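Notes follow once the structure below has been shown.
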Amino acid sequence: MAKVAREMVERAGVNVNQLVELLVKNAAAELTTFYYYTILRLNLIGLEGEGIKEIAEAARIEDRNHFEALVPRIYELGGKLPEDMKAFHDISACPPAKLPADPTDIKAMLTVLVEAERCAVRGYTHICNLTAGKDHRTYDLSLSILQEEIEHESWFSEFLGEGPSGHFMRKGETSPFVSKYLR
Amino acid sequence: MRKFTKEDLAQYNGRNGASAFIAYRGTVYDLSDSFHWRSGVHQVLHNAGEDMTDSIYQAPHGEDLLKKFIVVGKFI
Ligand code: HEM
Ligand SMILES: [Fe+2]
Ligand SMILES: [Fe+2]
């Protein structure tokens with residue numbers, strides 16, 4: 001634990017135990033999403049599916065990066081991950097992004113994907129709100145993750161034809177915002 | 001329609017197998033089936049069995065998410 005770092009956050013008036021619990025739940029959402037997106041991506045085949053495969057893969061890798069970036073902050077603040085991975089899965093902040101009954105139904109696949117991203121966008125917006133001006137490091141980390149989640153939402157939303165958002169698929173390295181936490 | 005007082009509502013806190021009900025603007029909703037209200041706790045901060053009307057301003061979403069849940073009564 002980074003004792004003084006935690007103390008600074010407490011003194012700023014943040015309920016650190018609550019914050020850590022939220023970070024753990026969101027870390028669980030990232031790792032479980034990474035797992036479920038693996039199955040979704042594998043099933044994105046055929047004329048329509050192949051077109052989405054690449055962004056699903058980028059979103060999958062970036063969610064794994066989000067997990068990796070969150071974990072050190074949890075421990076700095078004095079928290080820890082559950083010892084049992086089943087327990088970890090079950091406390092996820094977002095529902096499992098399960099494969100639809102008919103994986104060739106592209107609209108159903110995209111709906112699972114966009115809903116998972118929307119849950120993440122809401123979750124990190126909330127963590128930003130809780131930490132803004134108080135816990136600078138968690139704020140910056142959550143904001144970096146939020147930047148990428150909003151792009152993920154935009155990608156899938158555009159494929160659903162909900163309207164343009166001005167985003168294009170990931171060019172260059174994955175995690176342009178979060179990578180500074182992975183080095 | 002069933003009328004719930006504060007004490008009635010408190011019974012449905014989602015814990016130990018109890019249903020998870022919340023009040024919002026005078027209406028009581030059953031959120032027992034919601035993933036996001038498992039064990040009656042929402043996002044670490046909110047508990048079932050309580051009136052959520054004054055808490056929605058903190059939420060990163062609007063009241064529209066309540067629409068798909070069953071109304072079980074009035075909060076008086
Ligand atoms: C700090 C306050 C809150 C936070 C951070 C929060 C966060 C969230 C998040 C992240 C979701 C998931 C949405 C998605 O999947 O896109 C959600 C869903 C939901 N929230 Fe909240 N929320 C808060 C307060 C409230 C309050 C006060 C109410 C009730 C009046 C409420 C009712 C709901 C409902 C009904 C859902 C949908 C559940 C479902 O579909 O299973 N939330 N909330
Ligand atoms: Fe993520
Ligand atoms: Fe994402």
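Chain identifiers are assigned as A, B, and so on, following the order in which chains appear in the structure tokens; residues are numbered from 1 within each chain, and ligands are numbered from 1 in order of appearance.
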
**Request:** Hey, list the chain A side of the contact with chain B: 7 Å cut-off, only C-alpha atoms, answer as an MDAnalysis selection string.
**Result:** chainID A and resid 18 22 95 122 125:126

Could those residues be written to a file, using N, CA, C and O atoms, as a PDB file, in the first residue's frame?
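Below is the file part-v6.pdb, written as the result:
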ATOM      1  N   GLN A  18     -14.994   2.516  -0.268  1.00  0.00           N
ATOM      2  CA  GLN A  18     -16.011   2.456  -1.317  1.00  0.00           C
ATOM      3  C   GLN A  18     -15.374   2.562  -2.709  1.00  0.00           C
ATOM      4  O   GLN A  18     -15.728   1.825  -3.628  1.00  0.00           O
ATOM      5  N   LEU A  22     -15.365  -0.186  -5.803  1.00  0.00           N
ATOM      6  CA  LEU A  22     -15.782   0.125  -7.177  1.00  0.00           C
ATOM      7  C   LEU A  22     -14.683  -0.229  -8.178  1.00  0.00           C
ATOM      8  O   LEU A  22     -14.964  -0.769  -9.259  1.00  0.00           O
ATOM      9  N   PRO A  95     -22.834  -6.865 -16.458  1.00  0.00           N
ATOM     10  CA  PRO A  95     -23.268  -8.244 -16.723  1.00  0.00           C
ATOM     11  C   PRO A  95     -22.367  -8.935 -17.748  1.00  0.00           C
ATOM     12  O   PRO A  95     -21.736  -8.252 -18.559  1.00  0.00           O
ATOM     13  N   ARG A 122     -20.676   4.356 -18.301  1.00  0.00           N
ATOM     14  CA  ARG A 122     -21.365   4.875 -17.103  1.00  0.00           C
ATOM     15  C   ARG A 122     -20.509   4.673 -15.851  1.00  0.00           C
ATOM     16  O   ARG A 122     -20.389   5.570 -15.024  1.00  0.00           O
ATOM     17  N   THR A 125     -17.487   7.065 -15.830  1.00  0.00           N
ATOM     18  CA  THR A 125     -17.950   8.443 -15.621  1.00  0.00           C
ATOM     19  C   THR A 125     -18.195   8.663 -14.130  1.00  0.00           C
ATOM     20  O   THR A 125     -17.809   9.682 -13.560  1.00  0.00           O
ATOM     21  N   HIS A 126     -18.812   7.667 -13.513  1.00  0.00           N
ATOM     22  CA  HIS A 126     -19.091   7.770 -12.085  1.00  0.00           C
ATOM     23  C   HIS A 126     -17.805   7.842 -11.263  1.00  0.00           C
ATOM     24  O   HIS A 126     -17.684   8.667 -10.349  1.00  0.00           O
TER      25      HIS A 126
END

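A distance search around ligand 2 (8 Å at most, only C-alpha atoms and all ligand atoms) returns the following protein and nucleic acid residues: A:Ala29, A:Glu30, A:Thr33, A:Ala59, A:Glu62, A:Asp63, A:Arg64, A:Asn65, A:His66, A:Phe67, A:Glu117, A:Ala120, A:Ile145, A:Leu146, A:Glu148, A:Glu149.
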
Restricting the output to N, CA, C and O atoms, write the selected residues as a PDB file, in the first residue's frame.
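Listed below is the output, result_27.pdb:
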ATOM      1  N   ALA A  29     -15.125  -6.466 -14.195  1.00  0.00           N
ATOM      2  CA  ALA A  29     -15.873  -6.289 -15.446  1.00  0.00           C
ATOM      3  C   ALA A  29     -14.916  -6.338 -16.639  1.00  0.00           C
ATOM      4  O   ALA A  29     -15.240  -6.936 -17.672  1.00  0.00           O
ATOM      5  N   GLU A  30     -13.743  -5.751 -16.498  1.00  0.00           N
ATOM      6  CA  GLU A  30     -12.786  -5.737 -17.614  1.00  0.00           C
ATOM      7  C   GLU A  30     -12.299  -7.151 -17.945  1.00  0.00           C
ATOM      8  O   GLU A  30     -12.285  -7.551 -19.107  1.00  0.00           O
ATOM      9  N   THR A  33     -15.109  -9.273 -19.340  1.00  0.00           N
ATOM     10  CA  THR A  33     -15.429  -8.830 -20.705  1.00  0.00           C
ATOM     11  C   THR A  33     -14.367  -9.330 -21.684  1.00  0.00           C
ATOM     12  O   THR A  33     -14.693  -9.770 -22.795  1.00  0.00           O
ATOM     13  N   ALA A  59     -11.273  -3.824 -29.058  1.00  0.00           N
ATOM     14  CA  ALA A  59     -11.993  -3.561 -27.800  1.00  0.00           C
ATOM     15  C   ALA A  59     -11.632  -4.621 -26.761  1.00  0.00           C
ATOM     16  O   ALA A  59     -11.492  -4.327 -25.571  1.00  0.00           O
ATOM     17  N   GLU A  62      -8.073  -3.938 -25.453  1.00  0.00           N
ATOM     18  CA  GLU A  62      -8.044  -2.732 -24.620  1.00  0.00           C
ATOM     19  C   GLU A  62      -8.723  -2.987 -23.272  1.00  0.00           C
ATOM     20  O   GLU A  62      -8.305  -2.437 -22.251  1.00  0.00           O
ATOM     21  N   ASP A  63      -9.739  -3.825 -23.241  1.00  0.00           N
ATOM     22  CA  ASP A  63     -10.352  -4.148 -21.950  1.00  0.00           C
ATOM     23  C   ASP A  63      -9.382  -4.923 -21.061  1.00  0.00           C
ATOM     24  O   ASP A  63      -9.310  -4.686 -19.852  1.00  0.00           O
ATOM     25  N   ARG A  64      -8.611  -5.802 -21.663  1.00  0.00           N
ATOM     26  CA  ARG A  64      -7.587  -6.497 -20.865  1.00  0.00           C
ATOM     27  C   ARG A  64      -6.570  -5.477 -20.335  1.00  0.00           C
ATOM     28  O   ARG A  64      -6.154  -5.533 -19.182  1.00  0.00           O
ATOM     29  N   ASN A  65      -6.218  -4.508 -21.178  1.00  0.00           N
ATOM     30  CA  ASN A  65      -5.306  -3.450 -20.725  1.00  0.00           C
ATOM     31  C   ASN A  65      -5.912  -2.657 -19.568  1.00  0.00           C
ATOM     32  O   ASN A  65      -5.202  -2.257 -18.640  1.00  0.00           O
ATOM     33  N   HIS A  66      -7.221  -2.437 -19.616  1.00  0.00           N
ATOM     34  CA  HIS A  66      -7.879  -1.691 -18.536  1.00  0.00           C
ATOM     35  C   HIS A  66      -7.769  -2.457 -17.216  1.00  0.00           C
ATOM     36  O   HIS A  66      -7.539  -1.880 -16.162  1.00  0.00           O
ATOM     37  N   PHE A  67      -7.929  -3.762 -17.323  1.00  0.00           N
ATOM     38  CA  PHE A  67      -7.758  -4.604 -16.124  1.00  0.00           C
ATOM     39  C   PHE A  67      -6.347  -4.425 -15.556  1.00  0.00           C
ATOM     40  O   PHE A  67      -6.170  -4.143 -14.368  1.00  0.00           O
ATOM     41  N   GLU A 117     -20.198  -1.860 -23.517  1.00  0.00           N
ATOM     42  CA  GLU A 117     -19.431  -0.599 -23.535  1.00  0.00           C
ATOM     43  C   GLU A 117     -20.189   0.503 -22.801  1.00  0.00           C
ATOM     44  O   GLU A 117     -19.591   1.324 -22.110  1.00  0.00           O
ATOM     45  N   ALA A 120     -19.717   0.255 -19.198  1.00  0.00           N
ATOM     46  CA  ALA A 120     -18.376   0.737 -18.830  1.00  0.00           C
ATOM     47  C   ALA A 120     -18.329   2.272 -18.851  1.00  0.00           C
ATOM     48  O   ALA A 120     -17.774   2.887 -17.936  1.00  0.00           O
ATOM     49  N   ILE A 145      -9.247   5.494 -19.216  1.00  0.00           N
ATOM     50  CA  ILE A 145     -10.056   4.326 -19.590  1.00  0.00           C
ATOM     51  C   ILE A 145     -11.355   4.794 -20.253  1.00  0.00           C
ATOM     52  O   ILE A 145     -11.768   4.272 -21.297  1.00  0.00           O
ATOM     53  N   LEU A 146     -11.973   5.815 -19.658  1.00  0.00           N
ATOM     54  CA  LEU A 146     -13.235   6.336 -20.210  1.00  0.00           C
ATOM     55  C   LEU A 146     -13.064   6.775 -21.670  1.00  0.00           C
ATOM     56  O   LEU A 146     -13.937   6.520 -22.505  1.00  0.00           O
ATOM     57  N   GLU A 148     -11.199   5.559 -23.883  1.00  0.00           N
ATOM     58  CA  GLU A 148     -11.216   4.392 -24.771  1.00  0.00           C
ATOM     59  C   GLU A 148     -12.590   3.738 -24.801  1.00  0.00           C
ATOM     60  O   GLU A 148     -13.056   3.288 -25.857  1.00  0.00           O
ATOM     61  N   GLU A 149     -13.295   3.719 -23.658  1.00  0.00           N
ATOM     62  CA  GLU A 149     -14.634   3.106 -23.631  1.00  0.00           C
ATOM     63  C   GLU A 149     -15.599   3.864 -24.546  1.00  0.00           C
ATOM     64  O   GLU A 149     -16.457   3.265 -25.202  1.00  0.00           O
TER      65      GLU A 149
END

**Message:** Show me, as a VMD selection string, the residues that have an atom within 9 Å of Gly49 in chain B when counting only C-alpha atoms, minus same-chain residues fewer than 2 positions from it.
**Reply:** chain B and resid 6 to 14 19 to 23 40 47 51

**Request:** Run DSSP on the backbone and give me the residues of range 29-61 of chain B it puts in strand (DSSP E or B), as a list in words.
**Result:**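 These are the residues in question: Tyr29, Asp30, Val41, His42, His46, Asn47 and Asp51 of chain B.
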
**Request:** May I have all residues of range 121-179 of chain A that DSSP, computed from the backbone, assigns to alpha helix (DSSP H), given as a PyMOL selection string?
**Result:** chain A and resi 121-131+136-159

Atoms to include: C-alpha atoms. Write the selected residues as a short mmCIF file (atom, residue, chain, number, x, y, z; two decimals), in the first residue's frame.
data_model
loop_
_atom_site.label_atom_id
_atom_site.label_comp_id
_atom_site.auth_asym_id
_atom_site.auth_seq_id
_atom_site.Cartn_x
_atom_site.Cartn_y
_atom_site.Cartn_z
CA VAL A 121 -18.91 4.35 -19.96
CA ARG A 122 -21.36 4.88 -17.10
CA GLY A 123 -19.13 3.18 -14.56
CA TYR A 124 -15.99 5.20 -15.36
CA THR A 125 -17.95 8.44 -15.62
CA HIS A 126 -19.09 7.77 -12.09
CA ILE A 127 -15.54 7.05 -10.85
CA CYS A 128 -14.37 10.27 -12.53
CA ASN A 129 -17.18 12.16 -10.77
CA LEU A 130 -16.20 10.67 -7.40
CA THR A 131 -12.50 11.45 -7.76
CA HIS A 136 -5.84 12.90 -9.05
CA ARG A 137 -4.24 9.59 -9.98
CA THR A 138 -7.44 7.51 -9.95
CA TYR A 139 -9.15 10.33 -11.83
CA ASP A 140 -6.53 10.39 -14.56
CA LEU A 141 -6.57 6.60 -14.84
CA SER A 142 -10.39 6.44 -14.99
CA LEU A 143 -10.49 9.27 -17.49
CA SER A 144 -7.94 7.49 -19.69
CA ILE A 145 -10.06 4.33 -19.59
CA LEU A 146 -13.24 6.34 -20.21
CA GLN A 147 -11.68 7.87 -23.34
CA GLU A 148 -11.22 4.39 -24.77
CA GLU A 149 -14.63 3.11 -23.63
CA ILE A 150 -16.36 5.97 -25.43
CA GLU A 151 -14.54 5.04 -28.61
CA HIS A 152 -15.60 1.41 -28.19
CA GLU A 153 -19.21 2.49 -27.73
CA SER A 154 -18.98 4.67 -30.83
CA TRP A 155 -17.61 1.87 -33.00
CA PHE A 156 -20.40 -0.57 -32.20
CA SER A 157 -23.08 2.11 -32.21
CA GLU A 158 -22.06 3.15 -35.72
CA PHE A 159 -22.27 -0.45 -36.94
#

**Item:** Surrounding residues of range 8-10 of chain A excluding itself and chain neighbours under 3 positions, 9 Å, only C-alpha atoms, as a list in words
**Value:** Lys3, Val4, Ala5, Gly13, Val14, Asn15, Val16, Leu77, Thr131, Lys134, Asp135 and His136 of chain A

Could the residues in this selection be saved with N, CA, C and O atoms as an mmCIF file, in the first residue's frame?
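selection-v5.cif was written with the following content:
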data_model
loop_
_atom_site.group_PDB
_atom_site.id
_atom_site.type_symbol
_atom_site.label_atom_id
_atom_site.label_comp_id
_atom_site.auth_asym_id
_atom_site.auth_seq_id
_atom_site.Cartn_x
_atom_site.Cartn_y
_atom_site.Cartn_z
ATOM 1 N N LYS A 3 1.049 4.361 1.514
ATOM 2 C CA LYS A 3 0.364 4.904 2.688
ATOM 3 C C LYS A 3 -0.043 6.367 2.545
ATOM 4 O O LYS A 3 -1.196 6.735 2.783
ATOM 5 N N VAL A 4 0.913 7.184 2.174
ATOM 6 C CA VAL A 4 0.614 8.616 2.062
ATOM 7 C C VAL A 4 -0.343 8.875 0.893
ATOM 8 O O VAL A 4 -1.251 9.701 0.998
ATOM 9 N N ALA A 5 -0.160 8.132 -0.186
ATOM 10 C CA ALA A 5 -1.058 8.305 -1.334
ATOM 11 C C ALA A 5 -2.508 8.057 -0.910
ATOM 12 O O ALA A 5 -3.420 8.809 -1.267
ATOM 13 N N GLY A 13 -11.548 13.782 1.263
ATOM 14 C CA GLY A 13 -12.961 13.524 1.528
ATOM 15 C C GLY A 13 -13.556 12.383 0.724
ATOM 16 O O GLY A 13 -14.774 12.228 0.649
ATOM 17 N N VAL A 14 -12.697 11.566 0.115
ATOM 18 C CA VAL A 14 -13.205 10.415 -0.630
ATOM 19 C C VAL A 14 -13.333 9.229 0.331
ATOM 20 O O VAL A 14 -12.456 9.009 1.171
ATOM 21 N N ASN A 15 -14.427 8.481 0.213
ATOM 22 C CA ASN A 15 -14.564 7.233 0.959
ATOM 23 C C ASN A 15 -13.727 6.175 0.234
ATOM 24 O O ASN A 15 -14.164 5.588 -0.755
ATOM 25 N N VAL A 16 -12.501 5.957 0.735
ATOM 26 C CA VAL A 16 -11.535 5.142 -0.013
ATOM 27 C C VAL A 16 -11.966 3.676 -0.095
ATOM 28 O O VAL A 16 -11.779 3.028 -1.121
ATOM 29 N N LEU A 77 -3.986 1.823 -3.098
ATOM 30 C CA LEU A 77 -4.987 2.378 -2.184
ATOM 31 C C LEU A 77 -5.308 1.426 -1.027
ATOM 32 O O LEU A 77 -6.212 1.684 -0.238
ATOM 33 N N THR A 131 -13.912 11.162 -8.058
ATOM 34 C CA THR A 131 -12.504 11.452 -7.762
ATOM 35 C C THR A 131 -12.032 12.813 -8.261
ATOM 36 O O THR A 131 -10.953 13.260 -7.890
ATOM 37 N N LYS A 134 -9.972 15.431 -6.384
ATOM 38 C CA LYS A 134 -9.683 14.850 -5.071
ATOM 39 C C LYS A 134 -8.606 13.765 -5.139
ATOM 40 O O LYS A 134 -7.614 13.838 -4.422
ATOM 41 N N ASP A 135 -8.866 12.774 -5.959
ATOM 42 C CA ASP A 135 -7.897 11.682 -6.112
ATOM 43 C C ASP A 135 -7.381 11.772 -7.548
ATOM 44 O O ASP A 135 -7.932 11.176 -8.469
ATOM 45 N N HIS A 136 -6.287 12.534 -7.707
ATOM 46 C CA HIS A 136 -5.843 12.898 -9.053
ATOM 47 C C HIS A 136 -5.409 11.698 -9.880
ATOM 48 O O HIS A 136 -5.652 11.646 -11.077
#
